[in-house]
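Containing mmCIF, C-alpha atoms: run-v8.cif.
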```cif
data_run
#
loop_
_atom_site.label_atom_id
_atom_site.label_comp_id
_atom_site.auth_asym_id
_atom_site.auth_seq_id
_atom_site.Cartn_x
_atom_site.Cartn_y
_atom_site.Cartn_z
CA MET A 1 9.11 19.32 22.26
CA THR A 2 5.85 18.56 20.51
CA TYR A 3 5.19 18.04 16.81
CA ASP A 4 2.40 18.52 14.30
CA PHE A 5 2.58 16.82 10.91
CA ILE A 6 1.39 18.71 7.84
CA ILE A 7 0.72 16.46 4.85
CA LEU A 8 0.63 18.40 1.58
CA ALA A 9 -2.07 16.55 -0.35
CA ALA A 10 -3.72 19.16 -2.57
CA GLY A 11 -1.82 18.35 -5.79
CA ARG A 12 -3.83 16.73 -8.57
CA GLY A 13 -1.00 14.85 -10.29
CA THR A 14 -2.00 15.85 -13.82
CA ARG A 15 1.16 14.24 -15.23
CA MET A 16 -0.38 10.83 -14.53
CA ASN A 17 -3.10 11.43 -17.13
CA SER A 18 -5.53 9.62 -14.84
CA LEU A 19 -8.97 10.47 -13.46
CA THR A 20 -7.76 9.13 -10.10
CA PRO A 21 -5.81 11.70 -8.04
CA LYS A 22 -2.21 10.59 -7.67
CA ILE A 23 -2.40 10.24 -3.87
CA PHE A 24 -5.28 7.74 -4.27
CA GLN A 25 -3.25 5.53 -6.60
CA LYS A 26 -2.14 2.30 -4.95
CA ILE A 27 1.14 0.50 -4.41
CA ALA A 28 1.01 -3.01 -2.96
CA GLU A 29 -2.78 -2.58 -2.76
CA LYS A 30 -2.44 0.42 -0.42
CA PRO A 31 -3.34 3.99 -1.42
CA ILE A 32 -0.31 6.29 -1.46
CA ILE A 33 -1.92 8.74 0.98
CA ASN A 34 -2.51 5.94 3.50
CA CYS A 35 1.18 4.99 3.33
CA VAL A 36 2.12 8.55 4.29
CA ILE A 37 -0.55 8.89 7.00
CA ASP A 38 0.55 5.61 8.59
CA ILE A 39 4.17 6.78 8.71
CA CYS A 40 3.10 10.00 10.42
CA LYS A 41 0.96 8.05 12.90
CA SER A 42 4.00 5.97 13.86
CA MET A 43 5.95 9.10 14.82
CA PRO A 44 5.60 11.29 17.96
CA HIS A 45 2.83 13.76 17.13
CA LYS A 46 0.05 15.92 18.52
CA ASN A 47 -1.87 16.39 15.30
CA ILE A 48 -1.76 15.21 11.72
CA ILE A 49 -3.18 17.75 9.29
CA SER A 50 -3.95 16.93 5.65
CA VAL A 51 -4.05 19.94 3.33
CA VAL A 52 -6.29 18.97 0.42
CA SER A 53 -8.24 20.40 -2.50
CA LYS A 54 -11.95 20.90 -1.98
CA ASP A 55 -13.06 18.06 -4.28
CA ILE A 56 -11.35 15.36 -2.16
CA SER A 57 -11.78 16.91 1.29
CA GLU A 58 -14.55 14.54 2.41
CA HIS A 59 -12.87 11.33 1.29
CA ASN A 60 -12.63 8.68 4.00
CA PHE A 61 -8.87 8.33 3.40
CA PHE A 62 -8.48 11.39 5.65
CA GLN A 63 -10.70 10.27 8.51
CA GLU A 64 -7.70 9.81 10.84
CA THR A 65 -6.39 13.35 10.29
CA ALA A 66 -7.55 16.90 10.59
CA VAL A 67 -8.45 18.28 7.17
CA CYS A 68 -8.00 21.79 5.86
CA ILE A 69 -8.75 22.96 2.34
CA GLN A 70 -6.39 24.89 0.13
CA GLU A 71 -8.97 26.99 -1.67
CA ASN A 72 -6.48 28.56 -4.05
CA PRO A 73 -3.95 26.13 -5.61
CA ASN A 74 -1.17 28.70 -5.49
CA GLY A 75 1.73 26.52 -4.31
CA THR A 76 3.14 24.78 -1.27
CA ALA A 77 3.42 27.96 0.80
CA GLY A 78 -0.30 28.49 0.33
CA ALA A 79 -0.91 24.92 1.49
CA VAL A 80 1.15 25.36 4.66
CA LYS A 81 -0.54 28.69 5.35
CA ALA A 82 -3.95 26.97 5.16
CA SER A 83 -2.84 24.58 7.92
CA LEU A 84 -1.77 27.26 10.42
CA PRO A 85 -5.08 27.39 12.36
CA HIS A 86 -4.65 23.69 13.19
CA LEU A 87 -1.10 23.90 14.53
CA THR A 88 -0.71 23.55 18.29
CA ALA A 89 2.76 22.01 18.72
CA ASP A 90 6.22 23.56 19.05
CA TYR A 91 7.34 22.32 15.65
CA ALA A 92 5.62 21.50 12.37
CA ILE A 93 6.94 18.63 10.26
CA ILE A 94 5.97 19.05 6.62
CA ILE A 95 5.83 16.05 4.27
CA CYS A 96 4.47 15.58 0.77
CA ALA A 97 1.57 13.17 0.31
CA ASP A 98 3.13 11.49 -2.72
CA MET A 99 6.08 9.85 -0.91
CA PRO A 100 4.90 6.33 -0.01
CA LEU A 101 8.37 4.83 0.43
CA VAL A 102 9.50 6.98 3.37
CA SER A 103 10.20 4.90 6.49
CA PRO A 104 10.17 5.73 10.21
CA GLU A 105 13.96 5.37 10.15
CA ASP A 106 14.16 8.11 7.52
CA LEU A 107 12.24 10.55 9.72
CA ALA A 108 13.90 9.63 13.03
CA PRO A 109 16.85 12.08 12.67
CA LEU A 110 14.39 15.00 12.63
CA PHE A 111 13.63 14.41 16.29
CA GLY A 112 17.29 14.67 17.24
CA SER A 113 17.62 18.20 15.93
CA ASP A 114 16.71 21.25 18.00
CA ALA A 115 17.58 23.76 15.26
CA ASP A 116 15.11 26.44 14.25
CA ALA A 117 14.59 24.61 10.97
CA THR A 118 15.74 21.23 9.68
CA LEU A 119 15.45 19.73 6.23
CA ILE A 120 16.26 16.29 4.90
CA ALA A 121 18.38 16.29 1.75
CA MET A 122 18.95 13.22 -0.36
CA THR A 123 22.24 12.47 -2.08
CA LEU A 124 21.52 11.72 -5.72
CA PRO A 125 23.59 9.00 -7.42
CA ASN A 126 25.56 10.16 -10.45
CA GLU A 127 23.02 8.77 -12.89
CA MET A 128 20.20 10.71 -11.20
CA THR A 129 21.66 14.23 -11.16
CA HIS A 130 19.37 15.18 -14.07
CA MET A 131 16.26 14.68 -11.91
CA PRO A 132 14.26 17.91 -11.49
CA TYR A 133 14.42 18.07 -7.68
CA GLY A 134 15.17 21.29 -5.85
CA ARG A 135 18.81 21.59 -4.89
CA VAL A 136 20.36 22.18 -1.46
CA VAL A 137 23.52 24.27 -1.72
CA MET A 138 26.05 24.00 1.10
CA SER A 139 29.13 26.11 1.86
CA LYS A 140 32.65 24.71 1.94
CA SER A 141 32.26 24.43 5.70
CA TYR A 142 29.08 22.35 5.16
CA GLU A 143 26.68 25.03 6.33
CA PHE A 144 23.35 25.64 4.62
CA GLN A 145 23.61 28.26 1.90
CA ASN A 146 20.57 28.03 -0.34
CA LEU A 147 17.53 25.94 -1.27
CA ILE A 148 16.39 26.50 -4.82
CA GLU A 149 13.81 24.94 -7.12
CA TYR A 150 15.33 23.06 -10.06
CA LYS A 151 13.65 25.27 -12.65
CA ASN A 152 15.23 28.34 -11.03
CA ALA A 153 18.65 26.78 -10.50
CA SER A 154 21.81 27.71 -12.37
CA ASP A 155 23.77 25.05 -14.25
CA TYR A 156 26.16 24.85 -11.32
CA GLU A 157 23.31 24.33 -8.86
CA LYS A 158 21.65 21.73 -11.09
CA ASN A 159 24.83 19.67 -10.96
CA CYS A 160 24.71 19.62 -7.17
CA GLN A 161 24.03 16.07 -5.93
CA LEU A 162 22.29 17.19 -2.74
CA ALA A 163 18.57 17.39 -3.51
CA ASN A 164 15.58 18.52 -1.52
CA SER A 165 13.56 15.57 -0.18
CA GLY A 166 10.44 17.66 0.54
CA ILE A 167 10.51 16.90 4.29
CA TYR A 168 11.09 19.72 6.78
CA LYS A 169 10.83 20.51 10.48
CA ILE A 170 10.35 24.15 11.44
CA LYS A 171 9.34 25.95 14.59
CA LYS A 172 5.69 26.87 14.41
CA LYS A 173 6.29 30.50 15.43
CA LEU A 174 8.82 30.94 12.61
CA ILE A 175 6.32 29.70 10.02
CA GLU A 176 3.76 32.17 11.40
CA ASN A 177 6.32 35.00 11.40
CA TYR A 178 7.87 34.50 7.99
CA ILE A 179 5.40 32.78 5.66
CA GLU A 180 4.07 36.16 4.57
CA PHE A 181 7.58 37.07 3.39
CA ILE A 182 7.32 34.50 0.58
CA VAL A 183 6.66 36.13 -2.79
CA PRO A 184 5.30 34.54 -5.98
CA ASN A 185 7.85 32.79 -8.15
CA ALA A 186 8.81 34.79 -11.24
CA ILE A 187 8.37 31.82 -13.59
CA ASN A 188 4.96 30.42 -12.63
CA ASN A 189 3.64 32.85 -9.99
CA GLU A 190 3.45 30.09 -7.36
CA LEU A 191 4.34 30.50 -3.70
CA TYR A 192 7.11 28.02 -2.84
CA PHE A 193 7.35 27.07 0.83
CA THR A 194 10.99 26.17 0.22
CA ASP A 195 11.74 29.91 0.01
CA ILE A 196 11.23 30.14 3.76
CA PHE A 197 14.65 28.53 4.34
CA ASN A 198 16.44 31.32 2.51
CA ILE A 199 14.34 33.87 4.43
CA LEU A 200 15.26 32.21 7.73
CA LYS A 201 18.95 32.27 6.78
CA GLN A 202 18.71 35.97 6.01
CA HIS A 203 17.34 36.50 9.52
CA ASN A 204 20.16 34.45 11.08
CA HIS A 205 18.07 31.48 12.19
CA GLU A 206 19.81 28.13 12.61
CA ILE A 207 19.19 25.66 9.78
CA THR A 208 20.32 22.03 9.93
CA VAL A 209 20.59 19.77 6.88
CA ILE A 210 20.23 16.01 7.40
CA LYS A 211 21.79 14.09 4.52
CA SER A 212 20.39 10.75 3.47
CA PRO A 213 21.93 8.40 0.90
CA LYS A 214 18.59 6.58 0.47
CA TYR A 215 17.36 8.40 -2.60
CA SER A 216 14.67 5.84 -3.44
CA HIS A 217 12.94 6.32 -0.07
CA PHE A 218 12.09 9.93 -0.92
CA HIS A 219 10.98 9.23 -4.48
CA GLY A 220 7.87 11.27 -5.24
CA VAL A 221 5.09 9.75 -7.34
CA ASN A 222 4.11 12.20 -10.07
CA THR A 223 3.88 10.01 -13.17
CA LEU A 224 2.91 6.43 -13.95
CA GLU A 225 6.62 5.72 -14.36
CA ASP A 226 7.13 6.97 -10.79
CA LEU A 227 4.26 4.77 -9.65
CA ALA A 228 5.85 1.71 -11.30
CA PHE A 229 9.17 2.52 -9.59
CA ALA A 230 7.44 2.84 -6.21
CA GLU A 231 5.57 -0.43 -6.76
CA GLU A 232 8.76 -2.28 -7.63
CA THR A 233 10.56 -0.84 -4.62
CA MET A 234 7.71 -1.67 -2.25
CA GLN A 235 7.48 -5.23 -3.60
CA ASN A 236 11.22 -5.73 -3.08
CA ASN A 237 10.92 -4.41 0.48
CA LEU A 238 8.03 -6.77 1.26
CA ARG A 239 9.82 -9.79 -0.20
CA GLU A 240 12.94 -9.00 1.79
CA LYS A 241 10.90 -8.60 4.97
CA PHE A 242 9.20 -11.97 4.56
CA MET A 243 12.37 -13.83 3.59
CA LYS A 244 14.05 -12.51 6.74
CA SER A 245 11.11 -13.85 8.77
CA GLY A 246 11.36 -17.36 7.29
CA VAL A 247 9.24 -17.35 4.12
CA LYS A 248 10.72 -19.29 1.20
CA PHE A 249 10.20 -17.90 -2.31
CA LEU A 250 11.20 -20.09 -5.26
CA ASP A 251 11.30 -17.01 -7.51
CA ALA A 252 10.84 -13.96 -5.30
CA LYS A 253 10.65 -11.38 -8.09
CA SER A 254 7.68 -13.12 -9.69
CA VAL A 255 5.55 -12.97 -6.51
CA TYR A 256 3.20 -10.01 -5.95
CA LEU A 257 2.46 -9.07 -2.33
CA SER A 258 0.20 -6.60 -0.53
CA ALA A 259 1.19 -4.14 2.13
CA ASP A 260 -1.17 -5.83 4.61
CA SER A 261 -0.10 -9.42 3.83
CA LEU A 262 0.46 -11.57 6.90
CA ILE A 263 2.69 -14.59 6.19
CA GLU A 264 4.17 -16.76 8.94
CA ASN A 265 7.47 -18.62 8.85
CA ASP A 266 8.04 -21.93 7.05
CA VAL A 267 5.67 -20.95 4.25
CA THR A 268 6.77 -21.86 0.72
CA ILE A 269 5.57 -19.70 -2.17
CA GLU A 270 6.29 -20.85 -5.69
CA GLN A 271 6.58 -18.81 -8.89
CA ASN A 272 4.07 -16.25 -10.19
CA VAL A 273 1.81 -16.12 -7.15
CA VAL A 274 -0.42 -13.06 -6.58
CA ILE A 275 -1.35 -12.20 -3.00
CA LYS A 276 -3.82 -9.32 -2.89
CA ARG A 277 -5.35 -7.48 0.08
CA ASN A 278 -6.39 -9.06 3.39
CA VAL A 279 -4.57 -12.40 3.12
CA ARG A 280 -3.25 -14.35 6.10
CA ILE A 281 -1.06 -17.41 5.51
CA ARG A 282 -0.14 -19.55 8.49
CA SER A 283 2.99 -21.62 9.09
CA GLY A 284 3.75 -24.66 6.93
CA VAL A 285 1.52 -23.66 4.01
CA VAL A 286 2.62 -24.28 0.42
CA ILE A 287 1.30 -21.89 -2.25
CA LYS A 288 2.03 -23.43 -5.63
CA ALA A 289 2.72 -21.62 -8.87
CA PHE A 290 0.28 -19.24 -10.57
CA SER A 291 -2.17 -19.08 -7.65
CA TYR A 292 -4.22 -15.96 -6.77
CA LEU A 293 -5.28 -15.17 -3.19
CA GLU A 294 -7.44 -12.31 -1.94
CA ASP A 295 -9.40 -11.75 1.26
CA CYS A 296 -8.75 -15.20 2.73
CA GLU A 297 -6.96 -17.10 5.47
CA ILE A 298 -4.92 -20.23 4.79
CA MET A 299 -4.34 -22.28 7.94
CA GLU A 300 -1.34 -24.39 8.98
CA GLY A 301 -0.15 -27.09 6.59
CA ALA A 302 -2.67 -26.39 3.83
CA CYS A 303 -1.68 -26.60 0.16
CA ILE A 304 -2.95 -24.19 -2.49
CA GLY A 305 -2.56 -24.59 -6.26
CA PRO A 306 -1.07 -24.60 -8.75
CA PHE A 307 -3.44 -22.29 -10.66
CA ALA A 308 -5.83 -21.94 -7.71
CA HIS A 309 -8.02 -18.91 -6.92
CA VAL A 310 -9.11 -18.33 -3.31
CA ARG A 311 -11.06 -15.17 -2.51
CA GLY A 312 -14.09 -13.53 -0.94
CA ASP A 313 -13.64 -14.03 2.81
CA SER A 314 -12.71 -17.69 2.48
CA GLU A 315 -10.94 -19.90 5.01
CA VAL A 316 -8.92 -22.98 4.16
CA MET A 317 -8.39 -25.04 7.31
CA ARG A 318 -5.41 -27.11 8.49
CA GLY A 319 -4.07 -29.69 6.09
CA ALA A 320 -6.68 -28.98 3.40
CA CYS A 321 -5.81 -29.04 -0.28
CA VAL A 322 -7.17 -26.65 -2.92
CA GLY A 323 -5.61 -27.93 -6.11
CA ASN A 324 -5.07 -26.87 -9.70
CA PHE A 325 -7.77 -24.87 -11.47
CA VAL A 326 -9.94 -24.72 -8.35
CA GLU A 327 -11.77 -21.54 -7.38
CA VAL A 328 -12.99 -21.02 -3.81
CA LYS A 329 -15.21 -18.03 -3.06
CA ALA A 330 -16.75 -17.04 0.30
CA SER A 331 -16.35 -20.55 1.64
CA THR A 332 -14.84 -22.56 4.49
CA ILE A 333 -12.81 -25.62 3.54
CA GLY A 334 -12.53 -27.99 6.48
CA GLU A 335 -9.45 -29.74 7.85
CA LYS A 336 -7.86 -32.31 5.51
CA THR A 337 -10.53 -31.73 2.89
CA LYS A 338 -9.35 -32.22 -0.68
CA ILE A 339 -10.45 -30.35 -3.78
CA LYS A 340 -7.69 -31.51 -6.04
CA HIS A 341 -8.67 -30.15 -9.45
CA LEU A 342 -11.14 -28.39 -11.73
CA ALA A 343 -13.86 -27.28 -9.31
CA TYR A 344 -15.80 -24.21 -8.20
CA ILE A 345 -16.80 -23.96 -4.53
CA GLY A 346 -18.81 -20.81 -3.78
CA ASP A 347 -20.79 -19.74 -0.68
CA SER A 348 -20.13 -23.13 0.87
CA ALA A 349 -19.16 -24.75 4.14
CA LEU A 350 -17.20 -27.99 3.77
CA GLY A 351 -16.51 -30.19 6.78
CA THR A 352 -13.43 -32.23 7.59
CA GLN A 353 -12.00 -34.91 5.27
CA VAL A 354 -14.42 -34.15 2.46
CA ASN A 355 -13.33 -35.15 -1.03
CA ILE A 356 -14.53 -33.13 -4.03
CA GLY A 357 -14.21 -34.82 -7.43
CA ALA A 358 -12.91 -33.10 -10.54
CA GLY A 359 -15.41 -30.95 -12.42
CA THR A 360 -17.70 -30.40 -9.43
CA ILE A 361 -19.41 -27.04 -9.01
CA THR A 362 -21.67 -25.54 -6.40
CA CYS A 363 -24.52 -23.80 -8.21
CA ASN A 364 -24.87 -20.95 -5.72
CA TYR A 365 -26.61 -18.24 -7.75
CA ASP A 366 -30.18 -18.41 -9.03
CA GLY A 367 -30.04 -15.12 -10.92
CA HIS A 368 -31.29 -13.09 -7.96
CA ALA A 369 -29.55 -14.28 -4.79
CA LYS A 370 -26.67 -16.42 -3.57
CA HIS A 371 -27.44 -19.65 -1.69
CA LYS A 372 -25.46 -21.85 0.68
CA THR A 373 -24.05 -25.33 0.09
CA ILE A 374 -23.21 -27.41 3.18
CA ILE A 375 -21.13 -30.57 2.80
CA GLU A 376 -20.67 -32.40 6.10
CA ASP A 377 -17.67 -34.34 7.41
CA GLY A 378 -16.40 -37.27 5.37
CA ALA A 379 -18.66 -36.75 2.35
CA GLN A 380 -17.43 -37.90 -1.08
CA ILE A 381 -18.59 -35.87 -4.08
CA GLY A 382 -18.15 -37.70 -7.38
CA ALA A 383 -16.55 -36.13 -10.43
CA ASN A 384 -18.54 -33.67 -12.55
CA CYS A 385 -21.35 -33.16 -10.05
CA SER A 386 -23.53 -30.06 -9.89
CA LEU A 387 -24.78 -29.23 -6.38
CA ILE A 388 -27.75 -26.86 -6.64
CA ALA A 389 -27.93 -24.63 -3.58
CA PRO A 390 -29.42 -24.30 -1.08
CA ILE A 391 -28.46 -27.86 -0.27
CA LYS A 392 -26.91 -30.03 2.42
CA ILE A 393 -24.90 -33.19 1.76
CA GLY A 394 -24.95 -35.39 4.85
CA ALA A 395 -21.90 -36.71 6.69
CA ASN A 396 -20.13 -39.70 5.10
CA SER A 397 -22.53 -39.70 2.13
CA LYS A 398 -21.57 -40.01 -1.52
CA THR A 399 -22.80 -38.62 -4.82
CA GLY A 400 -22.36 -40.50 -8.07
CA ALA A 401 -20.21 -39.00 -10.78
CA GLY A 402 -22.06 -36.81 -13.25
CA SER A 403 -25.02 -36.22 -10.92
CA VAL A 404 -27.11 -33.07 -10.59
CA ILE A 405 -28.05 -32.96 -6.91
CA ASP A 406 -30.90 -30.61 -6.02
CA LYS A 407 -32.18 -32.14 -2.77
CA ASP A 408 -30.57 -32.64 0.63
CA THR A 409 -29.01 -36.06 1.16
CA PRO A 410 -29.03 -37.83 4.55
CA PRO A 411 -25.84 -39.07 6.24
CA ASN A 412 -24.28 -42.34 5.07
CA SER A 413 -26.22 -42.34 1.79
CA LEU A 414 -25.46 -42.65 -1.92
CA ALA A 415 -27.17 -40.16 -4.25
CA ILE A 416 -27.15 -40.66 -8.02
CA ALA A 417 -29.05 -38.37 -10.37
CA ARG A 418 -28.35 -39.16 -14.03
CA PRO A 419 -30.22 -40.79 -16.93
CA LYS A 420 -29.74 -44.47 -17.67
CA MET A 421 -27.13 -45.12 -20.35
CA VAL A 422 -28.53 -46.24 -23.69
CA VAL A 423 -26.36 -47.65 -26.52
#
```
In structure tokens, what does this structure look like?
Amino acid sequence: MTYDFIILAAGRGTRMNSLTPKIFQKIAEKPIINCVIDICKSMPHKNIISVVSKDISEHNFFQETAVCIQENPNGTAGAVKASLPHLTADYAIIICADMPLVSPEDLAPLFGSDADATLIAMTLPNEMTHMPYGRVVMSKSYEFQNLIEYKNASDYEKNCQLANSGIYKIKKKLIENYIEFIVPNAINNELYFTDIFNILKQHNHEITVIKSPKYSHFHGVNTLEDLAFAEETMQNNLREKFMKSGVKFLDAKSVYLSADSLIENDVTIEQNVVIKRNVRIRSGVVIKAFSYLEDCEIMEGACIGPFAHVRGDSEVMRGACVGNFVEVKASTIGEKTKIKHLAYIGDSALGTQVNIGAGTITCNYDGHAKHKTIIEDGAQIGANCSLIAPIKIGANSKTGAGSVIDKDTPPNSLAIARPKMVV
């Protein structure tokens, strides 16, 4: 059997009260739509089709999928109908674009069913039975009876704990044959794709219901409260993943991680650390409290923080130390180099075993362009120095504390640039 995935991505998410469409909102630094596309890519598939509204159809988020436009926002059946020209597989698997927490394990049972139609239903915990999800009604013999939207459900049906997840697998030919049978809903005049299950039952087609106890995995993001729930869940999943692989958190719940974080074993991360996109942390690193990392690589045995900020395509090499209240931007910090406190290193290349004194800054911006600072191996930069780029500090040279250095210094030299003290 072959499978096409249809991602329903045309909803605007007006309940978020945001100018950003809900599927472009991020959790763990990753757009929601990319979470869903990546899950589909990990599954057996022939095609992935995103059904979108016209205003977002050319966005690069969809570059890995086929795109079709739902011209008339008339409901989920209209969205699936718009995708029909792209379907080439035996079955279509339909998934909503606002479900970033779904895992490959959640979808795997779909591929074990050869029924005409299969839907995943989630078992709601007692405290969640008020949630406005469609309900899946089963007979006493556990056969599918009905799938009904919450707003159309009776009180009895609303109390049913088996809720529609929004994920279905249906034979392509049955969608083509029966989608025209769907009529507008009496309450809001929308065409609900879920009605096709009741139509299929009426025509004696086999329908299988897969029950999942993992309610949170199918949580749709429609409001900012939903987004916060998804963020918290994703963060907990990431922390658990890294702890299982050998990362030590001193206070796991206070650490923020990104979906693309790469952290090796024997790393220690202290409290209130923020790790944003594109960060790689190698084995033996210690990230101390209140540090912020983004777009950087921290090599084996380095120490960052506390209160450090490393960003902008920076690399901190083996055994280096970036200490408290130090910011590193677009720079390479060489092996065993120490920047212990109160410094700004921007657009710089520091060699091995360099020592940067407290209060030192690289003056990398002249108001029009950024310039490079090069500090060669073994150099010692005195406290409270200003290094005006472009500049090169030679190997094993020193600068006197409080100096403003605006010319290259040769190796093995001492540079002092400050007025004579007068009392």
Written as a PDB file with C-alpha atoms, keeping the file's coordinate frame, what is the full residue list that the PyMOL selection byres ((chain A and resi 262-279) around 7) yields on the file shown?
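Saved to result-v3.pdb:
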```pdb
ATOM      1  CA  GLU A  29      -2.780  -2.580  -2.760  1.00  0.00           C
ATOM      2  CA  SER A 245      11.110 -13.850   8.770  1.00  0.00           C
ATOM      3  CA  GLY A 246      11.360 -17.360   7.290  1.00  0.00           C
ATOM      4  CA  VAL A 247       9.240 -17.350   4.120  1.00  0.00           C
ATOM      5  CA  LYS A 248      10.720 -19.290   1.200  1.00  0.00           C
ATOM      6  CA  PHE A 249      10.200 -17.900  -2.310  1.00  0.00           C
ATOM      7  CA  LEU A 250      11.200 -20.090  -5.260  1.00  0.00           C
ATOM      8  CA  ASP A 251      11.300 -17.010  -7.510  1.00  0.00           C
ATOM      9  CA  SER A 254       7.680 -13.120  -9.690  1.00  0.00           C
ATOM     10  CA  VAL A 255       5.550 -12.970  -6.510  1.00  0.00           C
ATOM     11  CA  TYR A 256       3.200 -10.010  -5.950  1.00  0.00           C
ATOM     12  CA  LEU A 257       2.460  -9.070  -2.330  1.00  0.00           C
ATOM     13  CA  SER A 258       0.200  -6.600  -0.530  1.00  0.00           C
ATOM     14  CA  ASP A 260      -1.170  -5.830   4.610  1.00  0.00           C
ATOM     15  CA  SER A 261      -0.100  -9.420   3.830  1.00  0.00           C
ATOM     16  CA  ARG A 280      -3.250 -14.350   6.100  1.00  0.00           C
ATOM     17  CA  ILE A 281      -1.060 -17.410   5.510  1.00  0.00           C
ATOM     18  CA  ARG A 282      -0.140 -19.550   8.490  1.00  0.00           C
ATOM     19  CA  SER A 283       2.990 -21.620   9.090  1.00  0.00           C
ATOM     20  CA  GLY A 284       3.750 -24.660   6.930  1.00  0.00           C
ATOM     21  CA  VAL A 285       1.520 -23.660   4.010  1.00  0.00           C
ATOM     22  CA  VAL A 286       2.620 -24.280   0.420  1.00  0.00           C
ATOM     23  CA  ILE A 287       1.300 -21.890  -2.250  1.00  0.00           C
ATOM     24  CA  LYS A 288       2.030 -23.430  -5.630  1.00  0.00           C
ATOM     25  CA  ALA A 289       2.720 -21.620  -8.870  1.00  0.00           C
ATOM     26  CA  PHE A 290       0.280 -19.240 -10.570  1.00  0.00           C
ATOM     27  CA  SER A 291      -2.170 -19.080  -7.650  1.00  0.00           C
ATOM     28  CA  TYR A 292      -4.220 -15.960  -6.770  1.00  0.00           C
ATOM     29  CA  LEU A 293      -5.280 -15.170  -3.190  1.00  0.00           C
ATOM     30  CA  GLU A 294      -7.440 -12.310  -1.940  1.00  0.00           C
ATOM     31  CA  ASP A 295      -9.400 -11.750   1.260  1.00  0.00           C
ATOM     32  CA  CYS A 296      -8.750 -15.200   2.730  1.00  0.00           C
ATOM     33  CA  GLU A 297      -6.960 -17.100   5.470  1.00  0.00           C
TER      34      GLU A 297
END
```
Test item: residues at most 10 Å from Val354 (chain A), all atoms listed in the file, excluding those fewer than 4 positions along its chain, as a list in words: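 Close residues of Val354 (chain A): Ala320, Ile333, Gly334, Glu335, Lys336, Thr337, Lys338, Ile339, Leu350, Ile375, Glu376, Asp377, Gly378, Ala379, Gln380, Ile381, Ala395, Asn396 and Ser397 of chain A.
Compared by their closest atoms to Met122 (chain A), and using all atoms listed in the file, the residues A:Ala252, A:Ile199, A:Met243, A:Ala163 rank with A:Ala163 nearest.
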Close residues, His217 (chain A) itself excluded, 6 Å, all atoms listed in the file, min 2 positions apart in chain, as a ChimeraX atom specification: /A:101-102,214-215,219
Near-Lys392 (chain A) list (8 Å; only C-alpha atoms; drop same-chain fewer than 4 positions) as a PyMOL selection string: chain A and resi 373-376+407-409
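Of the listed residues (A:Thr118, A:Asn412, A:Asn146, A:Ser386), A:Thr118 comes nearest to Lys211 (chain A); the distances count only C-alpha atoms.
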Expansion of the PyMOL selection byres ((chain A and resi 159) around 12) into residues, as a PyMOL selection string: chain A and resi 123-137+150+153-158+160-163
Write a file of the selected residues as a compact mmCIF listing (two decimals), in the coordinates of the input, keeping C-alpha atoms.
```txt
# COMPACT_ATOMS: atom_id res chain seq x y z
CA THR A 123 22.24 12.47 -2.08
CA LEU A 124 21.52 11.72 -5.72
CA PRO A 125 23.59 9.00 -7.42
CA ASN A 126 25.56 10.16 -10.45
CA GLU A 127 23.02 8.77 -12.89
CA MET A 128 20.20 10.71 -11.20
CA THR A 129 21.66 14.23 -11.16
CA HIS A 130 19.37 15.18 -14.07
CA MET A 131 16.26 14.68 -11.91
CA PRO A 132 14.26 17.91 -11.49
CA TYR A 133 14.42 18.07 -7.68
CA GLY A 134 15.17 21.29 -5.85
CA ARG A 135 18.81 21.59 -4.89
CA VAL A 136 20.36 22.18 -1.46
CA VAL A 137 23.52 24.27 -1.72
CA TYR A 150 15.33 23.06 -10.06
CA ALA A 153 18.65 26.78 -10.50
CA SER A 154 21.81 27.71 -12.37
CA ASP A 155 23.77 25.05 -14.25
CA TYR A 156 26.16 24.85 -11.32
CA GLU A 157 23.31 24.33 -8.86
CA LYS A 158 21.65 21.73 -11.09
CA CYS A 160 24.71 19.62 -7.17
CA GLN A 161 24.03 16.07 -5.93
CA LEU A 162 22.29 17.19 -2.74
CA ALA A 163 18.57 17.39 -3.51
```
Residue nearest Ile416 (chain A) among A:Val67, A:Ala389, A:Asn384, A:Glu300 (counting all atoms listed in the file):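 Answer, going by the shortest atom-to-atom distance: A:Asn384.
Using all atoms listed in the file, the shortest contact distance between Asp226 (chain A) and any of A:Ile170, A:Leu8, A:Val36, A:Ile27 is found at A:Ile27.
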Computed interatomic separation between CA of Gly305 (chain A) and CA of His341 (chain A) (Å):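 Straight-line distance from CA of Gly305 (chain A) to CA of His341 (chain A) works out to 8.9 Å.
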Distance query Phe24 (chain A) at most 10 Å, only C-alpha atoms, self and fewer than 3 positions along chain excluded, as a PyMOL selection string: chain A and resi 20-21+27+30-34+56+61+97-98
CA of Ile37 (chain A) to CA of Ala259 (chain A), straight-line distance in Å: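 Distance reported for this atom pair: 14.0 Å.
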Output check: residues returned by the PyMOL selection byres ((chain A and resi 387) around 7), as a VMD selection string: chain A and resid 361 to 363 385 to 386 388 to 389 404 to 406
Minimum-distance residue to Asp195 (chain A), chosen among A:Ala92, A:Ala77, A:Val221, A:Ala108 (using all atoms listed in the file): A:Ala77
Nearest residue to Phe181 (chain A) from the set A:Ile167, A:Ala28, A:Ala330, A:Ile196 (distances using all atoms listed in the file):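 Of all the options, A:Ile196 lies closest to Phe181 (chain A).
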